[in-house]
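Here is run38.txt, consisting of compact mmCIF, C-alpha atoms:
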```
# COMPACT_ATOMS: atom_id res chain seq x y z
CA MET L 958 -43.29 -11.22 -56.97
CA PRO L 959 -40.98 -9.13 -59.24
CA GLY L 960 -42.21 -5.78 -57.94
CA VAL L 961 -41.36 -6.56 -54.37
CA SER L 962 -37.97 -8.00 -55.32
CA GLY L 963 -37.06 -4.90 -57.34
CA GLY L 964 -38.13 -2.55 -54.55
CA ASP L 965 -36.16 -4.55 -52.07
CA SER L 966 -33.02 -4.31 -54.24
CA VAL L 967 -33.41 -0.55 -54.56
CA TRP L 968 -33.80 -0.28 -50.79
CA ARG L 969 -30.67 -2.35 -50.16
CA ALA L 970 -28.64 -0.30 -52.64
CA TRP L 971 -29.81 2.90 -51.01
CA TRP L 972 -28.95 1.56 -47.55
CA ARG L 973 -25.46 0.49 -48.68
CA ARG L 974 -24.76 3.96 -50.08
CA ARG L 975 -25.93 5.58 -46.86
CA ARG L 976 -23.80 3.24 -44.78
CA ARG L 977 -20.68 3.89 -46.88
CA ARG L 978 -21.23 7.65 -46.64
CA ALA L 979 -21.71 7.45 -42.85
CA ALA L 980 -18.57 5.33 -42.47
CA ALA L 981 -16.58 7.73 -44.67
CA LEU L 982 -17.86 10.73 -42.67
CA ALA L 983 -16.97 9.02 -39.41
CA ARG L 984 -13.43 8.31 -40.65
CA ILE L 985 -13.02 11.94 -41.71
CA VAL L 986 -14.26 13.22 -38.32
CA LEU L 987 -12.00 10.82 -36.44
CA ARG L 988 -8.99 11.72 -38.60
CA ARG L 989 -9.48 15.47 -38.26
CA HIS L 990 -10.67 15.65 -34.65
CA SER L 991 -9.24 12.50 -33.05
CA SER L 992 -7.08 14.43 -30.59
CA VAL L 993 -10.06 16.50 -29.43
CA LEU L 994 -12.27 13.42 -29.06
CA TRP L 995 -9.60 11.57 -27.07
CA ALA L 996 -9.09 14.64 -24.89
CA VAL L 997 -12.82 14.75 -24.15
CA HIS L 998 -12.79 11.05 -23.36
CA SER L 999 -9.78 11.50 -21.06
CA ALA L 1000 -11.61 14.27 -19.20
CA TRP L 1001 -14.64 12.00 -18.90
CA ALA L 1002 -12.41 9.18 -17.59
CA LEU L 1003 -10.96 11.52 -14.97
CA LEU L 1004 -14.44 12.57 -13.86
CA THR L 1005 -15.62 8.97 -13.55
CA GLY L 1006 -12.44 8.17 -11.61
CA ILE L 1007 -13.17 10.99 -9.17
CA ALA L 1008 -16.73 9.65 -8.82
CA VAL L 1009 -15.35 6.21 -7.95
CA LEU L 1010 -12.97 7.84 -5.47
CA VAL L 1011 -15.90 9.55 -3.72
CA LEU L 1012 -18.14 6.47 -3.77
CA ALA L 1013 -15.35 4.26 -2.36
CA HIS L 1014 -15.32 6.23 0.90
CA ASN L 1015 -15.30 3.57 3.67
CA ARG L 1016 -17.13 1.06 1.46
CA TYR L 1017 -15.13 -2.08 2.15
CA GLY L 1018 -17.88 -4.26 0.68
CA PHE L 1019 -16.82 -3.23 -2.84
CA LEU L 1020 -13.37 -4.70 -2.34
CA ARG L 1021 -14.30 -8.06 -3.84
CA TRP L 1022 -15.14 -6.28 -7.11
CA VAL L 1023 -11.63 -4.87 -7.20
CA VAL L 1024 -10.22 -8.40 -7.05
CA ILE L 1025 -12.56 -9.43 -9.86
CA PHE L 1026 -11.36 -6.43 -11.88
CA ILE L 1027 -7.74 -7.51 -11.33
CA ALA L 1028 -8.54 -11.04 -12.51
CA LEU L 1029 -10.32 -9.70 -15.60
CA THR L 1030 -7.44 -7.31 -16.29
CA TRP L 1031 -4.98 -10.19 -16.11
CA GLY L 1032 -7.13 -12.25 -18.47
CA SER L 1033 -7.60 -9.41 -20.94
CA THR L 1034 -3.89 -8.58 -20.93
CA LEU L 1035 -3.09 -12.24 -21.49
CA PHE L 1036 -5.58 -12.35 -24.38
CA VAL L 1037 -4.06 -9.32 -26.08
CA SER L 1038 -0.48 -10.56 -25.68
CA ARG L 1039 -1.10 -14.19 -26.68
CA VAL L 1040 -4.07 -14.23 -29.05
CA ALA L 1041 -5.05 -10.85 -30.44
CA MET L 1042 -1.52 -9.62 -31.17
CA SER L 1043 -0.81 -12.65 -33.36
CA GLY L 1044 -3.87 -12.13 -35.56
CA GLN L 1045 -4.00 -9.47 -38.26
CA SER L 1046 -7.57 -9.95 -39.43
CA ARG L 1047 -10.09 -7.16 -39.10
CA ALA L 1048 -12.00 -9.12 -36.45
CA MET L 1049 -8.84 -9.59 -34.36
CA GLN L 1050 -7.95 -5.92 -34.66
CA PHE L 1051 -11.43 -4.97 -33.49
CA ALA L 1052 -11.25 -7.45 -30.61
CA ARG L 1053 -7.83 -6.11 -29.64
CA SER L 1054 -9.16 -2.54 -29.56
CA VAL L 1055 -12.21 -3.48 -27.46
CA VAL L 1056 -10.20 -5.56 -24.96
CA SER L 1057 -7.51 -2.87 -24.71
CA TYR L 1058 -10.16 -0.23 -23.97
CA PHE L 1059 -11.83 -2.26 -21.21
CA THR L 1060 -8.41 -3.11 -19.76
CA ARG L 1061 -7.63 0.58 -19.39
CA VAL L 1062 -11.03 1.20 -17.80
CA MET L 1063 -10.50 -1.59 -15.25
CA TYR L 1064 -7.06 -0.26 -14.39
CA GLN L 1065 -8.47 3.22 -13.91
CA GLU L 1066 -11.41 2.21 -11.72
CA THR L 1067 -9.22 -0.05 -9.57
CA LEU L 1068 -6.65 2.66 -8.92
CA PHE L 1069 -9.20 5.33 -8.06
CA PHE L 1070 -10.98 2.88 -5.75
CA LEU L 1071 -7.77 2.14 -3.83
CA ILE L 1072 -6.69 5.77 -3.36
CA PRO L 1073 -9.04 6.65 -0.42
CA PHE L 1074 -8.08 3.58 1.61
CA TYR L 1075 -4.37 4.16 1.11
CA PHE L 1076 -4.90 7.83 1.93
CA TYR L 1077 -6.49 6.92 5.28
CA SER L 1078 -3.53 4.67 6.18
CA THR L 1079 -0.83 7.15 5.11
CA THR L 1080 0.88 9.37 7.69
CA PHE L 1081 1.66 12.93 6.58
CA PRO L 1082 4.53 13.62 6.39
CA SER L 1083 6.34 10.27 6.33
CA TRP L 1084 8.10 7.90 3.98
CA ASN L 1085 4.88 6.05 3.12
CA CYS L 1086 3.59 9.21 1.41
CA ALA L 1087 5.72 8.18 -1.59
CA TYR L 1088 3.55 5.11 -2.19
CA LEU L 1089 0.38 7.19 -2.20
CA VAL L 1090 1.95 9.70 -4.62
CA ILE L 1091 2.84 6.87 -7.03
CA LEU L 1092 -0.67 5.43 -6.74
CA CYS L 1093 -2.26 8.81 -7.52
CA GLY L 1094 0.16 9.46 -10.39
CA LEU L 1095 -0.65 6.14 -12.06
CA ALA L 1096 -4.38 6.75 -11.59
CA ILE L 1097 -4.11 10.11 -13.36
CA LEU L 1098 -1.93 8.58 -16.09
CA SER L 1099 -4.59 5.94 -16.77
CA CYS L 1100 -7.02 8.74 -17.72
CA PHE L 1101 -4.85 9.96 -20.63
CA ASP L 1102 -5.97 7.38 -23.16
CA LEU L 1103 -3.54 8.03 -25.99
CA VAL L 1104 -0.42 8.00 -23.82
CA PHE L 1105 -1.55 5.19 -21.55
CA ASP L 1106 -2.70 2.95 -24.41
CA ARG L 1107 0.57 3.47 -26.28
CA LEU L 1108 2.60 2.58 -23.20
CA LEU L 1109 0.60 -0.58 -22.59
CA ARG L 1110 0.85 -1.73 -26.22
CA GLU L 1111 4.42 -0.76 -27.08
CA ASN L 1112 6.31 -1.05 -23.79
CA THR L 1113 6.18 -4.58 -22.40
CA ALA L 1114 8.19 -3.70 -19.29
CA PHE L 1115 5.78 -0.87 -18.43
CA ALA L 1116 2.70 -3.03 -19.03
CA VAL L 1117 3.99 -5.87 -16.85
CA GLY L 1118 5.29 -3.53 -14.13
CA PHE L 1119 2.04 -1.55 -14.11
CA PHE L 1120 -0.02 -4.72 -13.72
CA ALA L 1121 2.27 -5.99 -10.93
CA PHE L 1122 2.03 -2.71 -8.99
CA VAL L 1123 -1.76 -2.45 -9.26
CA SER L 1124 -2.21 -6.13 -8.38
CA PHE L 1125 0.08 -5.84 -5.36
CA SER L 1126 -1.72 -2.70 -4.14
CA ALA L 1127 -5.13 -4.37 -4.35
CA LEU L 1128 -4.06 -7.72 -2.89
CA GLN L 1129 -2.11 -6.11 -0.04
CA PHE L 1130 -5.37 -4.44 0.97
CA PHE L 1131 -7.65 -7.43 0.35
CA ILE L 1132 -5.71 -10.48 1.61
CA PRO L 1133 -5.53 -9.56 5.35
CA LEU L 1134 -9.29 -8.97 5.38
CA LEU L 1135 -10.03 -12.19 3.47
CA LEU L 1136 -7.63 -14.58 5.20
CA ARG L 1137 -7.67 -12.88 8.64
CA ILE L 1138 -3.88 -12.69 8.73
CA ARG L 1139 -1.46 -9.97 9.78
CA VAL L 1140 -0.85 -7.04 7.46
CA ASP L 1141 2.83 -7.85 6.99
CA ASN L 1142 2.11 -11.48 6.07
CA GLY L 1143 -0.56 -10.30 3.64
CA ALA L 1144 2.01 -8.08 1.94
CA TYR L 1145 4.31 -11.05 1.33
CA ILE L 1146 1.50 -13.12 -0.17
CA ALA L 1147 0.40 -10.18 -2.32
CA ALA L 1148 3.95 -9.66 -3.62
CA GLY L 1149 4.35 -13.33 -4.53
CA VAL L 1150 1.00 -13.58 -6.30
CA ALA L 1151 1.45 -10.26 -8.13
CA PHE L 1152 4.93 -11.17 -9.39
CA ALA L 1153 3.89 -14.67 -10.50
CA ALA L 1154 0.82 -13.33 -12.34
CA ALA L 1155 2.89 -10.61 -14.02
CA ALA L 1156 5.61 -13.09 -15.01
CA LEU L 1157 3.04 -15.37 -16.64
CA LEU L 1158 2.08 -12.49 -18.93
CA VAL L 1159 5.58 -12.71 -20.41
CA LEU L 1160 6.44 -16.40 -20.02
CA ARG L 1161 4.45 -18.97 -21.95
CA TRP L 1162 3.18 -22.11 -20.29
CA ASP L 1163 5.35 -24.39 -22.39
CA GLY L 1164 8.37 -22.22 -21.54
CA LEU L 1165 8.00 -23.04 -17.85
CA ARG L 1166 9.27 -26.52 -18.60
CA GLN L 1167 12.68 -25.05 -19.30
CA PRO L 1168 14.82 -25.02 -16.15
CA ARG L 1169 16.19 -21.55 -16.87
CA ARG L 1170 12.80 -19.88 -17.07
CA LEU L 1171 11.46 -21.82 -14.12
CA ALA L 1172 14.49 -20.70 -12.11
CA PHE L 1173 13.83 -17.10 -13.19
CA LEU L 1174 10.27 -17.36 -11.86
CA VAL L 1175 11.44 -18.76 -8.51
CA VAL L 1176 14.31 -16.29 -8.08
CA GLY L 1177 12.07 -13.38 -9.11
CA THR L 1178 9.44 -14.36 -6.56
CA VAL L 1179 12.04 -14.54 -3.80
CA ALA L 1180 13.41 -11.14 -4.89
CA ALA L 1181 9.90 -9.67 -4.71
CA LEU L 1182 9.51 -10.94 -1.14
CA ILE L 1183 12.90 -9.48 -0.16
CA ALA L 1184 11.94 -6.15 -1.76
CA VAL L 1185 8.77 -6.04 0.33
CA ARG L 1186 10.81 -6.63 3.46
CA LEU L 1187 13.31 -3.89 2.63
CA MET L 1188 10.64 -1.40 1.53
CA ARG L 1189 8.38 -1.95 4.54
CA PRO L 1190 8.59 1.71 5.76
CA LEU L 1191 7.29 2.87 2.36
CA LEU L 1192 4.12 0.75 2.53
CA PRO L 1193 1.01 2.22 4.19
CA PRO L 1194 -0.41 -0.35 6.65
CA VAL L 1195 -3.73 -0.85 4.88
CA PRO L 1196 -6.39 -1.48 6.13
CA LEU L 1197 -5.23 -0.12 9.53
CA ARG L 1198 -5.32 3.59 10.31
CA LEU L 1199 -4.81 5.71 13.40
CA THR L 1200 -7.95 7.64 14.32
CA ALA L 1201 -7.08 9.27 17.68
CA VAL L 1202 -4.44 9.64 20.40
CA ARG L 1203 -5.42 10.83 23.88
CA PHE L 1204 -2.91 12.14 26.43
CA SER L 1205 -3.43 12.27 30.17
CA ALA L 1206 -1.60 12.48 33.50
CA ALA L 1207 -3.41 9.43 34.95
CA LEU L 1208 -5.09 6.36 33.48
CA ASP L 1209 -7.11 3.35 34.59
CA PRO L 1210 -5.41 0.39 32.82
CA ARG L 1211 -8.58 -1.73 32.92
CA THR L 1212 -11.02 0.75 31.36
CA LEU L 1213 -8.48 3.11 29.70
CA LEU L 1214 -10.43 6.02 31.17
CA ALA L 1215 -8.65 9.16 32.38
CA PRO L 1216 -9.97 11.84 34.75
CA LEU L 1217 -8.69 14.58 32.45
CA GLN L 1218 -7.51 14.33 28.85
CA TYR L 1219 -5.43 16.69 26.72
CA GLN L 1220 -5.09 17.18 23.00
CA ASP L 1221 -2.41 19.72 22.05
CA GLU L 1222 -0.86 21.10 25.26
CA ILE L 1223 -0.29 19.76 28.77
CA PRO L 1224 0.93 21.91 31.68
CA ILE L 1225 3.91 20.17 33.28
CA GLY L 1226 2.45 20.89 36.71
CA THR L 1227 -0.43 18.49 36.06
CA LEU L 1228 1.94 15.52 35.64
CA ARG L 1229 2.32 15.12 39.42
CA ASN L 1230 2.84 11.34 39.36
CA GLY L 1231 5.73 11.70 36.91
CA ARG L 1232 4.09 9.90 33.99
CA LEU L 1233 2.67 10.91 30.64
CA TYR L 1234 0.01 8.47 29.40
CA ALA L 1235 -1.09 8.01 25.79
CA VAL L 1236 -4.01 5.93 24.45
CA ALA L 1237 -4.10 5.29 20.70
CA THR L 1238 -7.21 4.19 18.80
CA VAL L 1239 -6.59 2.26 15.59
CA PHE L 1240 -9.38 1.48 13.11
CA SER L 1241 -9.72 -1.90 11.43
CA PRO L 1242 -12.73 -2.87 9.27
CA SER L 1243 -12.75 -6.49 10.49
CA ARG L 1244 -11.07 -8.92 12.85
CA VAL L 1245 -7.41 -8.90 11.83
CA PRO L 1246 -4.47 -10.05 14.01
CA VAL L 1247 -1.98 -7.24 14.53
CA ARG L 1248 1.36 -6.59 16.23
CA ILE L 1249 1.58 -3.01 17.53
CA GLN L 1250 4.30 -0.96 19.19
CA MET L 1251 4.20 2.59 20.61
CA ARG L 1252 7.15 4.98 20.70
CA PHE L 1253 7.69 8.22 22.62
CA LEU L 1254 9.97 10.90 21.16
CA HIS L 1255 11.04 14.30 22.48
CA ASP L 1256 12.10 16.88 19.90
CA GLY L 1257 12.86 14.05 17.48
CA LYS L 1258 14.86 11.93 19.96
CA LEU L 1259 13.57 8.46 20.83
CA LEU L 1260 12.88 8.16 24.58
CA ARG L 1261 10.95 4.90 24.89
CA SER L 1262 9.72 1.99 22.77
CA SER L 1263 7.02 -0.20 24.24
CA ARG L 1264 6.97 -3.94 23.87
CA THR L 1265 5.26 -5.24 20.76
CA ALA L 1266 1.70 -6.20 21.66
CA GLN L 1267 0.01 -9.04 19.79
CA LEU L 1268 -3.76 -8.79 19.64
CA THR L 1269 -6.73 -9.27 17.34
CA ALA L 1270 -8.47 -6.15 16.10
CA ASN L 1271 -12.23 -5.99 16.47
CA ALA L 1272 -14.55 -4.93 13.67
CA ASN L 1273 -14.48 -1.38 15.04
CA GLY L 1274 -10.74 -1.31 15.76
CA PHE L 1275 -8.78 -1.49 19.00
CA ARG L 1276 -6.96 0.65 21.58
CA VAL L 1277 -3.41 0.42 22.90
CA TRP L 1278 -1.73 2.45 25.61
CA ASP L 1279 1.66 3.16 27.14
CA SER L 1280 3.26 5.70 29.44
CA LEU L 1281 6.48 7.68 29.60
CA ARG L 1282 8.20 8.03 32.97
CA ALA L 1283 9.75 11.39 33.75
CA PRO L 1284 13.54 11.55 34.27
CA PRO L 1285 14.88 12.42 37.76
CA ALA L 1286 14.97 16.11 36.84
CA GLY L 1287 11.36 16.01 35.68
CA PHE L 1288 9.80 16.53 32.27
CA GLU L 1289 11.35 19.13 30.02
CA ARG L 1290 9.38 21.61 28.02
CA GLY L 1291 9.02 20.89 24.32
CA THR L 1292 7.20 18.73 21.82
CA TYR L 1293 6.59 15.10 22.70
CA ARG L 1294 5.41 12.79 19.95
CA VAL L 1295 3.76 9.38 20.12
CA GLU L 1296 4.14 7.09 17.10
CA VAL L 1297 2.24 3.85 16.51
CA TRP L 1298 4.06 1.18 14.47
CA THR L 1299 3.25 -2.33 13.36
CA GLY L 1300 5.56 -5.07 14.54
CA ALA L 1301 7.00 -5.29 11.01
CA GLY L 1302 7.99 -1.62 10.92
CA GLN L 1303 5.08 0.14 9.19
CA LEU L 1304 4.08 3.54 10.55
CA VAL L 1305 0.37 3.57 11.43
CA GLY L 1306 0.26 7.18 12.62
CA ARG L 1307 1.60 9.79 15.03
CA LYS L 1308 0.36 12.53 17.33
CA ALA L 1309 2.30 15.37 19.01
CA VAL L 1310 1.65 17.24 22.23
CA ARG L 1311 3.51 20.18 23.84
CA LEU L 1312 4.50 20.25 27.49
CA THR L 1313 4.38 23.82 28.72
CA ASP L 1314 4.85 25.69 31.98
```
Can you dump the structure from the file as structure tokens?
Amino acid sequence: MPGVSGGDSVWRAWWRRRRRRAAALARIVLRRHSSVLWAVHSAWALLTGIAVLVLAHNRYGFLRWVVIFIALTWGSTLFVSRVAMSGQSRAMQFARSVVSYFTRVMYQETLFFLIPFYFYSTTFPSWNCAYLVILCGLAILSCFDLVFDRLLRENTAFAVGFFAFVSFSALQFFIPLLLRIRVDNGAYIAAGVAFAAAALLVLRWDGLRQPRRLAFLVVGTVAALIAVRLMRPLLPPVPLRLTAVRFSAALDPRTLLAPLQYQDEIPIGTLRNGRLYAVATVFSPSRVPVRIQMRFLHDGKLLRSSRTAQLTANANGFRVWDSLRAPPAGFERGTYRVEVWTGAGQLVGRKAVRLTD
């Protein structure tokens, strides 16, 4: 039917003109207002990150999704570096843009999800605050799309280091809960896996057959494990966190009940038996084996370190206790502080009390 064919051709020509005009208008808008649009998107990314931060409050069930995000991020980064970067076709450029965008989103959501849990396990002030500051700084950086995307695409060292840090932070949190192992052992496994995964983003599979590159992978993994050991005081002991410390002048060792408990101040006259007792409550979301030590300090000077107790945390946490014996002259006035440490040297938390007249 000629009439229908002619009308159809006119319709197609009209549609092509409209589409070209819309594409040209979109290019003009993007060229003139790209910085404003990216700024709006960055603000939106920050708001969604804050929403994830709020929703992640004590929701340990979402942790498996973080691990899936890390795996997808590793796969997308590998795709961009091995496949998309080598192709210059329009389809490859589009695929590279889409994968790069979703990679940034996964980084952002993972970092904002981890912040609350690391915040709970951080002691203020202490050396492990530095780790939380770095985590928050990278989360905010991931919201600035133009800067963050340029760093990931143009700086290989930054991209690999960023992936290794985020992977280590997530795995250090996840592995003790998954494998039911101690926090310090989980940190070693997380460091080894994170370094190996990051190295494979740079090294090709066929390159691993070369002894030099294989030796680099082995030596780098060992160096990552040594770095974790040396930097132990900087690592918050996720998922453990100190929730309370109770002080008393007497204590039943079987029930850990005290006739009278104190929070901030204790009159020295109440310590008639010459001992200051402290009971610490540590939260753990599941059954995790732990090694815990308590320390007593007076005005910053170490007075006593308890033996390292090995126990298995319950789903609701556990309690540990110790006591400080008074010297022959009796307790002195001043600030006494109790610190709870893991057996590997990670600060779980501290609490201070003043002894007064």
With a distance cut-off of 8 Å and only C-alpha atoms, select the neighbouring residues of stretch 1184-1190 of chain L, excluding the residue or stretch itself and same-chain residues fewer than 5 positions from it, and output the selection as a ChimeraX atom specification.
-> /L:1084-1085,1144-1145,1148,1301-1304
Taking only residues of stretch 1131-1194 of chain L that have an atom at most 12 Å from an atom of stretch 1241-1262 of chain L, what is each one's shortest atom pair and its distance in Å to one decimal, using only C-alpha atoms, in chain and number order, as a Markdown table?
```
| residue | atom | partner | partner_atom | distance |
| --- | --- | --- | --- | --- |
| L:Phe1131 | CA | L:Pro1242 | CA | 11.2 |
| L:Ile1132 | CA | L:Val1245 | CA | 10.5 |
| L:Pro1133 | CA | L:Val1245 | CA | 6.8 |
| L:Leu1134 | CA | L:Ser1243 | CA | 6.7 |
| L:Leu1135 | CA | L:Val1245 | CA | 9.4 |
| L:Leu1136 | CA | L:Val1245 | CA | 8.7 |
| L:Arg1137 | CA | L:Val1245 | CA | 5.1 |
| L:Ile1138 | CA | L:Pro1246 | CA | 5.9 |
| L:Arg1139 | CA | L:Pro1246 | CA | 5.2 |
| L:Val1140 | CA | L:Val1247 | CA | 7.2 |
| L:Asp1141 | CA | L:Val1247 | CA | 9.0 |
| L:Asn1142 | CA | L:Val1247 | CA | 10.3 |
| L:Gly1143 | CA | L:Val1245 | CA | 10.8 |
| L:Pro1194 | CA | L:Ser1241 | CA | 10.6 |
```
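Minimum distance to L:Tyr1234 across L:Leu1068, L:Leu1109, L:Ala1154, L:Val1310 (counting all atoms listed in the file) occurs at L:Val1310.
For the pair atom CA of L:Ala1215 and atom CA of L:Arg1294, the interatomic distance is 19.1 Å.
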Spatial neighbours of L:Ala1114, 12 Å, all atoms listed in the file, chain gap at least 5 places, as a VMD selection string | chain L and resid 1108 to 1109 1119 to 1121 1155 to 1156 1158 to 1159
Atoms to include: C-alpha atoms. Write the selected residues as a PDB file, in the coordinates of the input.
```pdb
ATOM      1  CA  LEU L1108       2.600   2.580 -23.200  1.00  0.00           C
ATOM      2  CA  LEU L1109       0.600  -0.580 -22.590  1.00  0.00           C
ATOM      3  CA  PHE L1119       2.040  -1.550 -14.110  1.00  0.00           C
ATOM      4  CA  PHE L1120      -0.020  -4.720 -13.720  1.00  0.00           C
ATOM      5  CA  ALA L1121       2.270  -5.990 -10.930  1.00  0.00           C
ATOM      6  CA  ALA L1155       2.890 -10.610 -14.020  1.00  0.00           C
ATOM      7  CA  ALA L1156       5.610 -13.090 -15.010  1.00  0.00           C
ATOM      8  CA  LEU L1158       2.080 -12.490 -18.930  1.00  0.00           C
ATOM      9  CA  VAL L1159       5.580 -12.710 -20.410  1.00  0.00           C
TER      10      VAL L1159
END
```
Taken to one decimal, the atom CA of L:Ile1146-atom CA of L:Thr1178 distance is 10.3 Å
Grab all the atoms of stretch 1227-1239 of chain L that the file lists, wrap them in a box along x, y and z, add 3 Å per side, and give me centre plus edge lengths in Å (one decimal) as AutoDock Vina command-line options.
```
--center_x -0.7 --center_y 10.4 --center_z 27.5 --size_x 18.9 --size_y 22.2 --size_z 29.8
```
